[in-house]
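**Student:** Can you read through this structure? Questions will come right after.
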Amino acid sequence: MKVDRRQLLQHAVALTGGGLASSLMPAWAQSKTTLNRGDLPSVSGREIDLTIDRATWSIDGQPGSAITLNGTLPGPIVRLKEGQRVTLRVHNRMDESTSIHWHGMLVPFQMDGVPGVTFPGIPPHSTFVYEFLVKQSGTYWYHSHTGFQEQEGLYGPIVIDPKEREPFAFDRDYVVMLSDFTFMSPKLVFNKLKQEGGVFNYQHQTLAGLLAGRDKTLQERLEWAKMRMDPTDVSDVTGAIYKFLINGHGPEDNWTGLFRPGERVRLRFINAGAQMVFNIRIPGLPMTVISADGQMVRPVVVDEFQIGNAETYDVIVHPKHDRAYTIVSEAIDRSGLGRATLAPRPGMTAPVPPLRERPLSTMKDMGMDMSAMKMGGMDRMQMDSMSGDGTAMAGMSGMGGHSMKGMHGQMASAPPGMAPPKPRGSDAMGDMPEMNMRDPKKAPQVKMGPGVQSIAPMPQDRTGEPGKGLESVGHRVLVYKDLVALKSNSDKRRPTRALEIHLTGNMERFMWGFDGQKFSEATQPYTFRRGERVRVTLVNDTMMLHPIHLHGHFFEVINGAPPNFGPRKHTVNVQPGGKVSFDITAEQGDWAFHCHMLYHMHGGMFQVFSVRPIGGDRA
Amino acid sequence: MKQIVPLALLSLISAAPALAQMDHSSMPVMNMPGMTMPSGKAGKTNKAAPKKQEKDASQPAMHRSPKRSSAAHRMDMHGMKMSPVASARHADSKIPTTPPPPPPRYSAADLYFDPIAMAAAREELRHENGGSIAWRAFANLLEYQPGSGGGYRWDGEAWIGGDINRFVLKSQGEGSRLDGLENAEIQALYSRAIGVYTDLQFGVRYDFAPTPSRTYATMGFESLAPYWFEVTGALFLSNKGELMARIEGTHDLYLTQRFVLQPRVELNFAAQDSPDIKVGSGLSTAEIGLRLRYEIRREFAPYIGVSYSQKAGATADYAKAEGKDPGQVRFVTGLRVWF
């Protein structure tokens with residue numbers, strides 16, 4: 001049925017052009033019963049038309065102002081075939097300029113769709129024609145790179161069918177596009193964040209909580225207050241003004257994907273959230289992760305994973321019973337959740353789990369390693385590699401993990417997500433020597449100023465950790481160290497240059513940047529030679545997670561995977577107080593490099609990777 | 001970037017092993033100097049994690065003897081030369097931080113698109129990513145004193161600008177139905193962020209009341225102090241050559257998610273006696289207040305509170321001479337609001 005639908009649309013596009021396709025879409029969209037069931041509408045073929053317009057979109061029955069693509073939110077699935085050429089005509093029917101960026105797609109820079117970097121944008125009431133060769137396969141997405149349009153709904157999935165058969169079997173294939181939607185104007189949201197960083201936080205630590213023995217202890221609270229740091233500041237924008245959508249539907253609209261018991265269902269998770277990081281789980285169904293950011297990985301079975309903004313994960317689930325399952329997309333700060341259903345028949349639902357207790361940031365999120373500081377007798381460097389709640393142990397086998405295991409058997413034995421909960425009060429520094437939280441010597445390239453609140457004193461590799469709030473959830477959670485590329489990376493050269501970039505910010509002023517500078521202040525881009533192999537290390541000096549995206553490249557994350565099998569990603573979460581290294585092979589052009597949290601990007605966390613020469617020039 | 005390059009080079013030359021140590025934490029399988037290596041290498045991986053053997057092998061299928069591996073590690077750590085294969089993966093300390101190429105001479109997109117349109121788009125992009133203008137209008141106190149006299153009071157500010165440079169308007173004042181406006185002032189200030197938590201402010205202040213009115217040159221600051229204390233202070237130099245000062249501190253204590261208790265202290269000082277406006281030298285007035293608000297939204301919170309103010313020294317004498325009580329306790333109800 002789905003195939004027929006797709007073919008039909010394909011023919012419609014091929015025979016009559018986009019006019020018919022786009023006029024079909026709204027009619028389709030209006031039919032509520034069809035809409036919240038089954039796959040999203042899709043467009044495919046050699047030539048595709050996408051029409052952008054402002055519209056009213058209903059979320060859980062409440063009308064909101066949105067931007068739609070071919071009349072829908074999210075936009076239709078752009079379904080392509082690896083190796084094909086595609087022409088995408090993007091028609092802007094709005095009174096403002098717009099753009100489409102093909103996120104994760106290896107396209108020539110002039111087709112990358114970033115106004116002010118790779119093209120001038122698409123002016124009001126005009127058409128821009130993108131044309132490129134589809135060099136890859138997998139799950140990607142597209143979105144506006146103009147203003148706050150992404151927050152307003154201008155995004156959609158890309159699914160590229162591979163040339164060769166994939167080494168896994170599935171009977172059904174659904175895109176699960178996660179997003180956040182607000183009825184407030186995103187400009188106003190941004191202004192409010194500038195006015196007061198915690199304006200949307202309704203999960204403060206309170207005196208009532210202290211008296212009831214909840215959250216941090218008095219000593220810890222005083223230590224944090226002294227540093228002017230708020231451990232509840234996990235998400236800038238929260239469920240207080242967000243509805244969390246799955247395939248454009250609120251929790252009450254309940255998007256439902258159908259299956260027959262015993263079928264294998266492929267779910268393509270895409271986090272199109274402007275600001276929210278989600279924890280994904282399907283209670284009762286383990287998920288086999290088969291690809292990350294569109295690139296196949298060795299299968300890993302998990303019960304939950306955290307997905308940063310712009311990341312994608314493909315999983316396969318195998319529901320055997322004649323019952324419904326709830327897909328939960330829980331906000332990282334637990335201020336709300338999105339919900340969808342997998343069911344054998346329409347109308348079936350499964351219980352929606354209640355929100356779990358919200359996580360609090362720890363000293364580690366400030367780039368301090370408490371365990372190392374407390375165990376003064378041990379060499380600090382040794383501890384660095386062992387921390388990460390024991391999960392880093394996974395990567396230590398190569399150096400004889402078993403002796404370490406003997407020493408810290410408990411740490412090593414708990415798989416990610418199943419660590420015993422930390423006792424209350426264990427994050428207190430007590431009489432430990434006070435650390436300089438803003439020591440410029442730790443990051444000489446950072447331009448110190450009001451935009452740099454802190455410099456992580458001891459940033460750590462946190463790729464072995466499951467993400468904030470998932471350390472002790474009692475089931476297996478995905479960590480970056482689980483990700484191993486299925487196929488060897490093509491460029492096996494060793495990097496010839498190392499580059500360290502600090503992610504900096506001031507949460508009170510809501511200023512964000514790289515190496516202490518907002519994009520508006522930066523005088524020059526990061527520069528690379530074409531074809532140059534560079535190891536980039538991102539150090540997160542802030543207390544917030546930053547999903548960092550590099551356009552036009554896949555980078556190979558250094559996560560302890562065997563050489564040349566590091567996972568290829570286009571977006572990487574850099575945990576607070578953490579650092580991540582990856583290798584890139586520089587492609588010619590100018591490429592946007594930014595935090596994929598929309599409000600951090602607009603706060604200044606944006607830069608350009610400038611790769612020369614281009615073509616035959618001698619620069 | 002340019003300044004750090006020589007530094008980085010220098011540290012590379014002079015302290016290669018030290019540099020190597022510094023970067024350990026980014027390397028999950030880094031071997032440490034001085035760390036006892038086990039003789040056997042039957043290291044067991046985390047059960048659920050994928051297999052990760054041969055960290056130092058060039059190919060995933062290739063096995064290395066444990067001895068060679070640990071020897072290689074150790075050599076690596078001491079900055080000795082190694083085969084590129086063995087060092088490929090575990091020494092980002094060995095990847096030199098050489099200078100990046102020079103800045104590009106042209107924008108890549110100019111090769112394909114109208115350079116004028118590109119220049120405009122670039123300007124827009126800069127403005128959008130870090131260069132935008134924000135604003136706020138905020139009244140911390142907007143209150144009424146029920147009962148005899150019908151006292152009222154306000155204290156607020158509005159600002160517009162970027163992250164560093166802002167234009168600020170401040171106003172505060174009080175009065176009553178019976179006596180009319182007692183004090184009322186407005187300040188127009190240029191504000192500049194000079195620290196992580198501190199803004200410095202310069203400008204003018206004009207007093208509508210008391211009369212005869214005055215104009216002051218103003219220099220002040222706003223800062224977030226440790227333990228989340230909002231502190232503001234200013235010096236005022238009047239057109240009559242008088243010097244005055246004010247310091248104010250507040251703290252927001254979250255009792256519950258929406259009930260917030262705000263203690264507030266304000267001290268005013270003068271360097272001289274100014275009988276015409278009834279301000280004496282030294283500490284002129286001190287005030288302590290406690291307000292309990294309910295945040296319907298963070299931006300909109302009605303409150304009730306009590307405020308005790310005490311005129312001191314000569315200022316108190318002026319008040320007494322007028323038959324007024326220099327000390328006053330007021331119960332207030334009001335609204336804390338911002339847009």
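Labeling convention for the structure tokens: chains A, B, ... as they appear, residues from 1 per chain, ligands from 1 in order of appearance.
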List the spatial neighbours of Phe236 of chain B as a PyMOL selection string - criterion: any atom at most 7 Å away, only C-alpha atoms, same-chain residues fewer than 3 positions off excluded.
**Tutor:** chain B and resi 216-219+243-245
**Student:** Those residues you just picked out, can you put them in a file as a compact mmCIF listing (two decimals), in the first residue's frame with C-alpha atoms?
**Tutor:**
```
# COMPACT_ATOMS: atom_id res chain seq x y z
CA TYR B 216 23.12 64.16 38.46
CA ALA B 217 25.98 62.64 36.55
CA THR B 218 25.87 58.93 37.29
CA MET B 219 28.33 56.09 37.35
CA LEU B 243 27.86 63.59 45.94
CA MET B 244 25.53 60.76 46.80
CA ALA B 245 25.63 57.01 46.57
```
**Student:** Among segment 461-589 of chain A, which ones does DSSP place in strand (DSSP E or B), written as a PyMOL selection string?
**Tutor:** chain A and resi 461+472+477+485+497-506+511-514+517+526-529+533-540+546-550+555-557+568-569+571-574+578-585+589
**Student:** Restrict the selected residues to C-alpha atoms and save them as a CSV table (one decimal), in the first residue's frame.
**Tutor:**
```csv
chain,number,residue,atom,x,y,z
A,461,ASP,CA,36.1,12.1,27.2
A,472,SER,CA,21.0,4.9,36.4
A,477,VAL,CA,21.4,2.8,27.2
A,485,ALA,CA,31.2,1.8,11.6
A,497,ARG,CA,47.2,18.5,12.0
A,498,ALA,CA,45.4,18.8,15.3
A,499,LEU,CA,42.9,21.6,16.0
A,500,GLU,CA,41.2,22.2,19.4
A,501,ILE,CA,38.1,24.3,19.5
A,502,HIS,CA,36.5,25.3,22.7
A,503,LEU,CA,32.7,25.6,23.1
A,504,THR,CA,32.2,28.6,25.3
A,505,GLY,CA,29.2,30.5,26.7
A,506,ASN,CA,27.7,32.5,29.4
A,511,MET,CA,25.9,34.3,24.9
A,512,TRP,CA,27.4,31.3,23.0
A,513,GLY,CA,30.4,30.9,20.8
A,514,PHE,CA,33.5,29.1,19.8
A,517,GLN,CA,33.8,34.5,20.3
A,526,TYR,CA,38.6,28.2,10.7
A,527,THR,CA,40.8,27.4,7.7
A,528,PHE,CA,41.8,24.1,6.1
A,529,ARG,CA,43.6,22.9,3.1
A,533,ARG,CA,43.2,15.3,7.2
A,534,VAL,CA,42.7,17.1,10.6
A,535,ARG,CA,41.9,15.9,14.0
A,536,VAL,CA,39.5,18.3,15.6
A,537,THR,CA,38.9,18.2,19.3
A,538,LEU,CA,35.9,20.0,20.7
A,539,VAL,CA,36.1,20.9,24.4
A,540,ASN,CA,32.9,21.9,26.0
A,546,HIS,CA,26.0,21.1,22.5
A,547,PRO,CA,25.3,19.0,19.5
A,548,ILE,CA,27.9,20.3,17.0
A,549,HIS,CA,27.2,19.9,13.3
A,550,LEU,CA,29.7,20.3,10.5
A,555,PHE,CA,33.7,13.0,10.5
A,556,GLU,CA,35.0,9.9,12.2
A,557,VAL,CA,34.5,10.1,15.9
A,568,ARG,CA,30.9,8.5,10.7
A,569,LYS,CA,28.7,11.4,12.0
A,571,THR,CA,26.6,15.9,14.3
A,572,VAL,CA,28.2,15.0,17.6
A,573,ASN,CA,27.0,15.7,21.1
A,574,VAL,CA,29.7,17.3,23.3
A,578,GLY,CA,33.4,16.9,28.1
A,579,LYS,CA,35.5,16.7,25.0
A,580,VAL,CA,35.2,14.8,21.7
A,581,SER,CA,37.8,14.3,19.0
A,582,PHE,CA,37.1,13.4,15.4
A,583,ASP,CA,39.0,13.3,12.1
A,584,ILE,CA,37.9,15.1,9.0
A,585,THR,CA,39.1,15.1,5.4
A,589,GLY,CA,34.3,25.2,0.0
```
**Student:** Residues within 8 Å of segment 153-168 of chain A, please, as number ranges by chain. Count only C-alpha atoms; anything in the same chain fewer than 6 positions from it doesn't count.
**Tutor:** A: 52, 66-69, 73-83, 136-144, 175, 177, 181, 270, 272
**Student:** Skip segment 108-125 of chain A itself and residues of its chain fewer than 6 positions away, then list as a compact mmCIF listing (two decimals) with N, CA and C atoms, in the first residue's frame all residues within 6 Å of it, counting only C-alpha atoms.
**Tutor:**
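The new file result-v6.txt reads:
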```txt
# COMPACT_ATOMS: atom_id res chain seq x y z
N ASN A 92 9.45 29.44 -2.79
CA ASN A 92 9.18 30.20 -1.57
C ASN A 92 7.94 31.06 -1.78
N ARG A 93 6.86 30.71 -1.12
CA ARG A 93 5.63 31.49 -1.26
C ARG A 93 5.44 32.46 -0.10
N MET A 94 6.46 32.60 0.72
CA MET A 94 6.32 33.48 1.89
C MET A 94 6.78 34.90 1.53
N ASP A 95 6.49 35.81 2.44
CA ASP A 95 6.93 37.20 2.26
C ASP A 95 8.30 37.44 2.86
N GLU A 96 8.96 36.39 3.24
CA GLU A 96 10.30 36.51 3.82
C GLU A 96 11.21 35.54 3.07
N SER A 97 12.52 35.75 3.18
CA SER A 97 13.42 34.84 2.47
C SER A 97 13.55 33.54 3.26
N THR A 98 14.02 32.52 2.58
CA THR A 98 14.10 31.21 3.23
C THR A 98 15.29 30.45 2.64
N SER A 99 15.41 29.19 3.04
CA SER A 99 16.49 28.34 2.53
C SER A 99 16.17 26.91 2.93
N ILE A 100 16.77 25.97 2.22
CA ILE A 100 16.72 24.57 2.64
C ILE A 100 18.15 24.06 2.67
N HIS A 101 18.51 23.50 3.81
CA HIS A 101 19.81 22.83 3.95
C HIS A 101 19.55 21.33 4.01
N HIS A 145 17.64 27.08 7.01
CA HIS A 145 18.79 27.61 7.72
C HIS A 145 18.67 29.13 7.82
N GLY A 589 35.44 24.35 -0.20
CA GLY A 589 34.28 25.21 -0.03
C GLY A 589 34.25 25.88 1.32
N ALA B 109 31.16 31.10 -1.98
CA ALA B 109 29.90 31.25 -2.70
C ALA B 109 29.96 32.35 -3.76
N ALA B 117 24.78 40.20 -3.57
CA ALA B 117 23.75 39.47 -2.81
C ALA B 117 24.40 38.67 -1.67
N MET B 118 25.57 38.10 -1.96
CA MET B 118 26.28 37.32 -0.93
C MET B 118 26.72 38.21 0.23
N ALA B 121 23.85 38.86 2.37
CA ALA B 121 23.48 37.65 3.14
C ALA B 121 24.46 37.42 4.28
N ARG B 122 25.73 37.70 4.03
CA ARG B 122 26.74 37.52 5.09
C ARG B 122 26.48 38.48 6.25
N LEU B 125 23.66 37.21 8.21
CA LEU B 125 24.05 36.03 8.99
C LEU B 125 24.78 36.44 10.27
```
**Student:** Could you check the closest approach to chain B for each of A:Ser179, A:Gln575, A:Asn201, A:Asn70 and tell me which residue wins, using only C-alpha atoms?
**Tutor:**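 Under the stated criterion, the closest residue is A:Asn201.
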**Student:** Between A:Leu207, A:Thr87, A:Gly284, A:Pro613, single out the one closest to Leu133 of chain A, counting only C-alpha atoms.
**Tutor:**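 Checking each of A:Leu207, A:Thr87, A:Gly284, A:Pro613 against Leu133 of chain A, counting only C-alpha atoms, the winner is A:Thr87.
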**Student:** Identify which of the residues A:Ala324, A:Leu258, A:His103, A:Ala55 lies closest to Pro283 of chain A, counting only C-alpha atoms when measuring atom-to-atom distances.
**Tutor:** A:Ala324
**Student:** Go through B:Asn183, B:Asn165, B:Ser176, B:Thr198 one by one, measure the shortest atom-to-atom distance of each to chain A using only C-alpha atoms, and give the residue with the smallest value.
**Tutor:**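 Nearest to chain A: B:Thr198.
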